[in-house]
Amino acid sequence: MKYFVGVDIGSTAIKISIANEDKELVGHKISASGTMFYKYAHETLDALLDELNLSRDDIVYTVATGYGRKIFKEANENISEITANAIGARAAAKEHGKINTIINIGGQDSKAISLDEDGHVVNFAMNDRCAAGTGKFLDACAMNLEIGVDELGDRHFKSTGTPLSINSTCAVFAESEIIGLLGNEHSVEDIVCGVHYSIAKRIVKLVKRVGIKEGIYFDGGPALNSGLVNAIENELSKKIFIPAYPQITTSYGAAIIGIDSYNYNIS
Ligand code: ADP
């Protein structure tokens, strides 16, 4: 069996996926990007190969993507994360139905991607200018509230009443606003819910720029936050599909692109 590696070096996390020649995901691993992307990417790949009882010799083609893709020089090819995300989303959701719109929230940016019938990217919109509406904003809110980012989802559903409104459009001012709300004795749960709705409203504006088509897929680390998912669904008035491993869609897509490139090169 031949194996194909997708390496997604994001601003916050390194994601590596390995697919077999049937385009099935056989394993994945996630680690923090830290400051030494190159070193950590190789360590993460070696750890994943160990877990799968594979060696580098089993890998026939590697595709790198993401913010730090150019530093992974051993890759046979590197590709934009928008293309890799689109290919990965269609494959990860193949049992669910056709994906036509992707919402991706990463550590430092958020994107909306629109696909055509064949899964090609026809349009995308990106916010990479402002931390509000990104994973970093959620991390900062969780830190101010002295909870883990992985607790945000549960806290959201314990909120009572109308979600608080967080009006600041800038992440720095929003943090001050959150501290002010805490000072006014609002509960952590109500603030968390307010934060999720403020991000959801921004995301809906971004998605509207590319056009909302049925078959909506949400990925990136913040898609692990069920509270944020709930707020986006309510703001969109639509159900959205969350894959089993939302952080690795793009690396999986890169591995699949590797299969197609390899087959094309040998044909
Ligand atoms: P990037 O590709 O830019 O490195 P990711 O898609 O990996 O970003 O997303 C990183 C963000 O995901 C973090 O900043 C954090 O807010 C969020 N995140 C990571 N793990 C979890 C989790 N278990 N629950 C909720 N949010 C999470």
# chains A, B, ... in the order shown; residues from 1 in each chain; ligands from 1
call {"tool": "residues_near_ligand", "arguments": {"ligand": "ligand 1", "cutoff": "6 Å", "atoms": "only C-alpha atoms and all ligand atoms", "output": "list in words"}}
result
Gly10, Ser11, Thr12, Ala13, Gly106, Gly107, Gln108, Gly135, Lys136, Leu138, Asp139, Val149, Asp150, Gly220, Gly221, Pro222, Leu224, Asn225 and Gln247 of chain A
call {"tool": "residues_around", "arguments": {"residues": "region 14-27 of chain A", "least_positions_apart": "2", "cutoff": "7 Å", "atoms": "only C-alpha atoms", "output": "list in words"}}
result
Lys2, Tyr3, Phe4, Val5, Gly6, Val7, Asp8, Ile9, Gly10, Lys29, Ile30, Ser31, Ala32, Ser33, Ala41, Leu45, Ile248, Ser251, Tyr252, Ala255, Ile256 and Ile259 of chain A
call {"tool": "select_by_dssp", "arguments": {"residues": "region 46-176 of chain A", "states": "alpha helix (DSSP H)", "output": "count of residues only"}}
result
40
call {"tool": "select_by_dssp", "arguments": {"residues": "region 108-203 of chain A", "states": "strand (DSSP E)", "output": "list in words"}}
result
Ser110, Lys111, Ala112, Ile113, Ser114, Leu115, Val121, Val122, Asn123, Phe124, Ala125, Met126 and Asn127 of chain A
call {"tool": "write_last_selection", "arguments": {"atoms": "all heavy atoms", "output": "mmCIF file, in the first residue's frame"}}
result
data_model
loop_
_atom_site.group_PDB
_atom_site.id
_atom_site.type_symbol
_atom_site.label_atom_id
_atom_site.label_comp_id
_atom_site.auth_asym_id
_atom_site.auth_seq_id
_atom_site.Cartn_x
_atom_site.Cartn_y
_atom_site.Cartn_z
ATOM 1 N N SER A 110 -10.312 33.956 9.483
ATOM 2 C CA SER A 110 -11.542 33.212 9.208
ATOM 3 C C SER A 110 -11.856 33.368 7.731
ATOM 4 O O SER A 110 -11.513 34.391 7.128
ATOM 5 C CB SER A 110 -12.700 33.680 10.096
ATOM 6 O OG SER A 110 -12.695 35.064 10.237
ATOM 7 N N LYS A 111 -12.485 32.317 7.176
ATOM 8 C CA LYS A 111 -12.730 32.307 5.727
ATOM 9 C C LYS A 111 -14.110 31.737 5.436
ATOM 10 O O LYS A 111 -14.614 30.901 6.195
ATOM 11 C CB LYS A 111 -11.755 31.355 5.002
ATOM 12 C CG LYS A 111 -10.305 31.604 5.235
ATOM 13 C CD LYS A 111 -9.490 30.589 4.397
ATOM 14 C CE LYS A 111 -8.087 30.435 4.924
ATOM 15 N NZ LYS A 111 -7.960 29.540 6.063
ATOM 16 N N ALA A 112 -14.670 32.180 4.326
ATOM 17 C CA ALA A 112 -15.875 31.556 3.779
ATOM 18 C C ALA A 112 -15.523 31.182 2.340
ATOM 19 O O ALA A 112 -14.929 31.985 1.616
ATOM 20 C CB ALA A 112 -17.037 32.523 3.805
ATOM 21 N N ILE A 113 -15.836 29.952 1.962
ATOM 22 C CA ILE A 113 -15.465 29.454 0.628
ATOM 23 C C ILE A 113 -16.719 28.905 -0.049
ATOM 24 O O ILE A 113 -17.472 28.144 0.576
ATOM 25 C CB ILE A 113 -14.400 28.330 0.735
ATOM 26 C CG1 ILE A 113 -13.199 28.789 1.578
ATOM 27 C CG2 ILE A 113 -13.926 27.881 -0.650
ATOM 28 C CD1 ILE A 113 -12.203 27.676 1.923
ATOM 29 N N SER A 114 -16.907 29.290 -1.293
ATOM 30 C CA SER A 114 -18.058 28.791 -2.043
ATOM 31 C C SER A 114 -17.569 27.838 -3.140
ATOM 32 O O SER A 114 -16.606 28.145 -3.849
ATOM 33 C CB SER A 114 -18.792 29.998 -2.644
ATOM 34 O OG SER A 114 -19.857 29.537 -3.424
ATOM 35 N N LEU A 115 -18.227 26.686 -3.256
ATOM 36 C CA LEU A 115 -17.813 25.662 -4.225
ATOM 37 C C LEU A 115 -18.867 25.523 -5.325
ATOM 38 O O LEU A 115 -20.051 25.760 -5.093
ATOM 39 C CB LEU A 115 -17.662 24.305 -3.530
ATOM 40 C CG LEU A 115 -16.767 24.248 -2.285
ATOM 41 C CD1 LEU A 115 -16.673 22.812 -1.771
ATOM 42 C CD2 LEU A 115 -15.377 24.761 -2.591
ATOM 43 N N VAL A 121 -13.394 25.699 -6.187
ATOM 44 C CA VAL A 121 -13.613 26.962 -5.467
ATOM 45 C C VAL A 121 -14.048 28.019 -6.478
ATOM 46 O O VAL A 121 -13.356 28.267 -7.466
ATOM 47 C CB VAL A 121 -12.308 27.411 -4.768
ATOM 48 C CG1 VAL A 121 -12.478 28.781 -4.113
ATOM 49 C CG2 VAL A 121 -11.860 26.371 -3.748
ATOM 50 N N VAL A 122 -15.220 28.631 -6.236
ATOM 51 C CA VAL A 122 -15.656 29.688 -7.160
ATOM 52 C C VAL A 122 -15.491 31.069 -6.542
ATOM 53 O O VAL A 122 -15.409 32.070 -7.248
ATOM 54 C CB VAL A 122 -17.124 29.505 -7.644
ATOM 55 C CG1 VAL A 122 -17.200 28.437 -8.697
ATOM 56 C CG2 VAL A 122 -18.077 29.228 -6.518
ATOM 57 N N ASN A 123 -15.433 31.110 -5.211
ATOM 58 C CA ASN A 123 -15.315 32.409 -4.553
ATOM 59 C C ASN A 123 -14.883 32.179 -3.115
ATOM 60 O O ASN A 123 -15.214 31.143 -2.529
ATOM 61 C CB ASN A 123 -16.695 33.085 -4.567
ATOM 62 C CG ASN A 123 -16.619 34.580 -4.353
ATOM 63 O OD1 ASN A 123 -15.517 35.125 -4.188
ATOM 64 N ND2 ASN A 123 -17.764 35.232 -4.341
ATOM 65 N N PHE A 124 -14.146 33.111 -2.555
ATOM 66 C CA PHE A 124 -13.890 33.023 -1.120
ATOM 67 C C PHE A 124 -13.722 34.419 -0.532
ATOM 68 O O PHE A 124 -13.412 35.376 -1.261
ATOM 69 C CB PHE A 124 -12.665 32.146 -0.800
ATOM 70 C CG PHE A 124 -11.333 32.770 -1.115
ATOM 71 C CD1 PHE A 124 -10.649 33.493 -0.152
ATOM 72 C CD2 PHE A 124 -10.780 32.631 -2.376
ATOM 73 C CE1 PHE A 124 -9.418 34.079 -0.444
ATOM 74 C CE2 PHE A 124 -9.558 33.224 -2.671
ATOM 75 C CZ PHE A 124 -8.877 33.946 -1.704
ATOM 76 N N ALA A 125 -13.964 34.519 0.759
ATOM 77 C CA ALA A 125 -13.775 35.786 1.479
ATOM 78 C C ALA A 125 -12.987 35.464 2.726
ATOM 79 O O ALA A 125 -13.154 34.393 3.319
ATOM 80 C CB ALA A 125 -15.133 36.387 1.842
ATOM 81 N N MET A 126 -12.118 36.385 3.104
ATOM 82 C CA MET A 126 -11.236 36.079 4.230
ATOM 83 C C MET A 126 -11.115 37.284 5.138
ATOM 84 O O MET A 126 -11.045 38.418 4.660
ATOM 85 C CB MET A 126 -9.871 35.701 3.665
ATOM 86 C CG MET A 126 -8.840 35.424 4.693
ATOM 87 S SD MET A 126 -7.768 34.115 4.097
ATOM 88 C CE MET A 126 -6.296 34.945 3.885
ATOM 89 N N ASN A 127 -11.105 37.030 6.435
ATOM 90 C CA ASN A 127 -10.754 38.083 7.402
ATOM 91 C C ASN A 127 -9.429 37.682 8.028
ATOM 92 O O ASN A 127 -9.373 36.724 8.785
ATOM 93 C CB ASN A 127 -11.840 38.194 8.483
ATOM 94 C CG ASN A 127 -11.281 38.849 9.752
ATOM 95 O OD1 ASN A 127 -10.447 39.758 9.680
ATOM 96 N ND2 ASN A 127 -11.704 38.360 10.904
#
call {"tool": "residues_around", "arguments": {"residues": "Val229 (chain A)", "least_positions_apart": "2", "cutoff": "10 Å", "atoms": "only C-alpha atoms", "output": "number ranges by chain"}}
result
A: 153, 196-197, 200, 218, 222-227, 231-235, 239-242
call {"tool": "residues_around", "arguments": {"residues": "Ile166 (chain A)", "least_positions_apart": "6", "cutoff": "8 Å", "atoms": "only C-alpha atoms", "output": "MDAnalysis selection string"}}
result
chainID A and resid 174 177:178 194:195 198
call {"tool": "atom_distance", "arguments": {"atom1": "CA of Ile216 (chain A)", "atom2": "CA of Pro243 (chain A)"}}
result
11.0 Å
call {"tool": "closest_residue", "arguments": {"among": "A:Phe173, A:Leu49, A:Val207, A:Met1", "to": "Asn104 (chain A)", "atoms": "only C-alpha atoms"}}
result
A:Val207
call {"tool": "residues_around", "arguments": {"residues": "His186 (chain A)", "least_positions_apart": "4", "cutoff": "12 Å", "atoms": "only C-alpha atoms", "output": "list in words"}}
result
Leu145, Ser159, Thr160, Gly161, Pro163, Leu164, Ser165, Glu177, Ile178, Ile179, Gly180, Leu181, Leu182, Asp190, Ile191, Val192, Cys193 and Gly194 of chain A
call {"tool": "atom_distance", "arguments": {"atom1": "CA of Gly133 (chain A)", "atom2": "CA of Asn167 (chain A)"}}
result
12.8 Å
call {"tool": "residues_around", "arguments": {"residues": "Ala93 (chain A)", "least_positions_apart": "3", "cutoff": "9 Å", "atoms": "only C-alpha atoms", "output": "ChimeraX atom specification"}}
result
/A:88-90,96-99,217,241-243
call {"tool": "closest_residue", "arguments": {"among": "A:Leu54, A:Tyr61, A:Glu74, A:Arg69", "to": "Tyr262 (chain A)", "atoms": "only C-alpha atoms"}}
result
A:Tyr61
call {"tool": "atom_distance", "arguments": {"atom1": "CA of Lys70 (chain A)", "atom2": "CA of Asn263 (chain A)"}}
result
23.1 Å
call {"tool": "closest_residue", "arguments": {"among": "A:Asp260, A:Glu175, A:Asp118, A:Asp219", "to": "Ile103 (chain A)", "atoms": "only C-alpha atoms"}}
result
A:Asp219
call {"tool": "decode", "arguments": {"residues": "region 43-55 of chain A", "atoms": "all heavy atoms", "output": "PDB file, in the first residue's frame"}}
result
ATOM      1  N   GLU A  43       8.765  16.426  13.733  1.00  0.00           N
ATOM      2  CA  GLU A  43       8.530  15.586  14.930  1.00  0.00           C
ATOM      3  C   GLU A  43       7.113  15.011  14.903  1.00  0.00           C
ATOM      4  O   GLU A  43       6.892  13.856  15.250  1.00  0.00           O
ATOM      5  CB  GLU A  43       8.725  16.423  16.202  1.00  0.00           C
ATOM      6  CG  GLU A  43      10.192  16.658  16.514  1.00  0.00           C
ATOM      7  CD  GLU A  43      10.413  17.586  17.711  1.00  0.00           C
ATOM      8  OE1 GLU A  43       9.425  17.992  18.372  1.00  0.00           O
ATOM      9  OE2 GLU A  43      11.587  17.898  17.969  1.00  0.00           O
ATOM     10  N   THR A  44       6.168  15.844  14.484  1.00  0.00           N
ATOM     11  CA  THR A  44       4.762  15.393  14.456  1.00  0.00           C
ATOM     12  C   THR A  44       4.595  14.288  13.413  1.00  0.00           C
ATOM     13  O   THR A  44       3.923  13.276  13.661  1.00  0.00           O
ATOM     14  CB  THR A  44       3.835  16.595  14.145  1.00  0.00           C
ATOM     15  OG1 THR A  44       4.156  17.647  15.050  1.00  0.00           O
ATOM     16  CG2 THR A  44       2.370  16.234  14.298  1.00  0.00           C
ATOM     17  N   LEU A  45       5.230  14.468  12.256  1.00  0.00           N
ATOM     18  CA  LEU A  45       5.133  13.441  11.212  1.00  0.00           C
ATOM     19  C   LEU A  45       5.760  12.129  11.700  1.00  0.00           C
ATOM     20  O   LEU A  45       5.147  11.049  11.544  1.00  0.00           O
ATOM     21  CB  LEU A  45       5.826  13.936   9.928  1.00  0.00           C
ATOM     22  CG  LEU A  45       5.934  12.909   8.796  1.00  0.00           C
ATOM     23  CD1 LEU A  45       4.554  12.386   8.381  1.00  0.00           C
ATOM     24  CD2 LEU A  45       6.624  13.519   7.573  1.00  0.00           C
ATOM     25  N   ASP A  46       6.937  12.208  12.321  1.00  0.00           N
ATOM     26  CA  ASP A  46       7.586  10.972  12.798  1.00  0.00           C
ATOM     27  C   ASP A  46       6.731  10.274  13.859  1.00  0.00           C
ATOM     28  O   ASP A  46       6.601   9.048  13.854  1.00  0.00           O
ATOM     29  CB  ASP A  46       8.991  11.288  13.352  1.00  0.00           C
ATOM     30  CG  ASP A  46       9.968  11.563  12.209  1.00  0.00           C
ATOM     31  OD1 ASP A  46       9.752  11.039  11.101  1.00  0.00           O
ATOM     32  OD2 ASP A  46      10.933  12.319  12.428  1.00  0.00           O
ATOM     33  N   ALA A  47       6.129  11.074  14.748  1.00  0.00           N
ATOM     34  CA  ALA A  47       5.287  10.481  15.808  1.00  0.00           C
ATOM     35  C   ALA A  47       4.070   9.791  15.179  1.00  0.00           C
ATOM     36  O   ALA A  47       3.676   8.688  15.605  1.00  0.00           O
ATOM     37  CB  ALA A  47       4.849  11.564  16.794  1.00  0.00           C
ATOM     38  N   LEU A  48       3.498  10.402  14.159  1.00  0.00           N
ATOM     39  CA  LEU A  48       2.327   9.800  13.498  1.00  0.00           C
ATOM     40  C   LEU A  48       2.730   8.515  12.771  1.00  0.00           C
ATOM     41  O   LEU A  48       2.028   7.490  12.866  1.00  0.00           O
ATOM     42  CB  LEU A  48       1.688  10.810  12.533  1.00  0.00           C
ATOM     43  CG  LEU A  48       0.501  10.303  11.720  1.00  0.00           C
ATOM     44  CD1 LEU A  48      -0.627   9.779  12.609  1.00  0.00           C
ATOM     45  CD2 LEU A  48      -0.046  11.415  10.809  1.00  0.00           C
ATOM     46  N   LEU A  49       3.856   8.550  12.082  1.00  0.00           N
ATOM     47  CA  LEU A  49       4.322   7.346  11.372  1.00  0.00           C
ATOM     48  C   LEU A  49       4.538   6.209  12.371  1.00  0.00           C
ATOM     49  O   LEU A  49       4.135   5.061  12.136  1.00  0.00           O
ATOM     50  CB  LEU A  49       5.605   7.641  10.598  1.00  0.00           C
ATOM     51  CG  LEU A  49       5.444   8.536   9.358  1.00  0.00           C
ATOM     52  CD1 LEU A  49       6.802   8.968   8.817  1.00  0.00           C
ATOM     53  CD2 LEU A  49       4.648   7.825   8.264  1.00  0.00           C
ATOM     54  N   ASP A  50       5.142   6.532  13.520  1.00  0.00           N
ATOM     55  CA  ASP A  50       5.366   5.523  14.579  1.00  0.00           C
ATOM     56  C   ASP A  50       4.046   4.901  15.009  1.00  0.00           C
ATOM     57  O   ASP A  50       3.909   3.683  15.107  1.00  0.00           O
ATOM     58  CB  ASP A  50       5.979   6.205  15.814  1.00  0.00           C
ATOM     59  CG  ASP A  50       7.485   6.084  15.804  1.00  0.00           C
ATOM     60  OD1 ASP A  50       8.018   5.546  14.817  1.00  0.00           O
ATOM     61  OD2 ASP A  50       8.110   6.558  16.792  1.00  0.00           O
ATOM     62  N   GLU A  51       3.056   5.767  15.259  1.00  0.00           N
ATOM     63  CA  GLU A  51       1.742   5.284  15.720  1.00  0.00           C
ATOM     64  C   GLU A  51       1.114   4.336  14.705  1.00  0.00           C
ATOM     65  O   GLU A  51       0.410   3.395  15.059  1.00  0.00           O
ATOM     66  CB  GLU A  51       0.773   6.468  15.875  1.00  0.00           C
ATOM     67  CG  GLU A  51       0.760   7.057  17.254  1.00  0.00           C
ATOM     68  CD  GLU A  51      -0.110   8.325  17.304  1.00  0.00           C
ATOM     69  OE1 GLU A  51      -1.091   8.429  16.546  1.00  0.00           O
ATOM     70  OE2 GLU A  51       0.231   9.207  18.122  1.00  0.00           O
ATOM     71  N   LEU A  52       1.367   4.600  13.431  1.00  0.00           N
ATOM     72  CA  LEU A  52       0.737   3.805  12.364  1.00  0.00           C
ATOM     73  C   LEU A  52       1.621   2.644  11.911  1.00  0.00           C
ATOM     74  O   LEU A  52       1.263   1.921  10.980  1.00  0.00           O
ATOM     75  CB  LEU A  52       0.416   4.705  11.162  1.00  0.00           C
ATOM     76  CG  LEU A  52      -0.585   5.837  11.414  1.00  0.00           C
ATOM     77  CD1 LEU A  52      -0.645   6.781  10.208  1.00  0.00           C
ATOM     78  CD2 LEU A  52      -1.981   5.289  11.697  1.00  0.00           C
ATOM     79  N   ASN A  53       2.779   2.487  12.601  1.00  0.00           N
ATOM     80  CA  ASN A  53       3.735   1.441  12.218  1.00  0.00           C
ATOM     81  C   ASN A  53       4.205   1.587  10.782  1.00  0.00           C
ATOM     82  O   ASN A  53       4.321   0.610  10.046  1.00  0.00           O
ATOM     83  CB  ASN A  53       3.095   0.057  12.388  1.00  0.00           C
ATOM     84  CG  ASN A  53       3.540  -0.555  13.670  1.00  0.00           C
ATOM     85  OD1 ASN A  53       4.687  -0.347  14.092  1.00  0.00           O
ATOM     86  ND2 ASN A  53       2.624  -1.284  14.289  1.00  0.00           N
ATOM     87  N   LEU A  54       4.421   2.835  10.383  1.00  0.00           N
ATOM     88  CA  LEU A  54       4.895   3.119   9.022  1.00  0.00           C
ATOM     89  C   LEU A  54       6.253   3.804   9.124  1.00  0.00           C
ATOM     90  O   LEU A  54       6.625   4.296  10.204  1.00  0.00           O
ATOM     91  CB  LEU A  54       3.916   4.060   8.300  1.00  0.00           C
ATOM     92  CG  LEU A  54       2.507   3.529   8.041  1.00  0.00           C
ATOM     93  CD1 LEU A  54       1.613   4.638   7.467  1.00  0.00           C
ATOM     94  CD2 LEU A  54       2.535   2.349   7.071  1.00  0.00           C
ATOM     95  N   SER A  55       6.954   3.858   8.003  1.00  0.00           N
ATOM     96  CA  SER A  55       8.223   4.602   7.989  1.00  0.00           C
ATOM     97  C   SER A  55       8.163   5.604   6.847  1.00  0.00           C
ATOM     98  O   SER A  55       7.254   5.566   6.003  1.00  0.00           O
ATOM     99  CB  SER A  55       9.402   3.655   7.800  1.00  0.00           C
ATOM    100  OG  SER A  55       9.480   3.294   6.433  1.00  0.00           O
TER     101      SER A  55
END
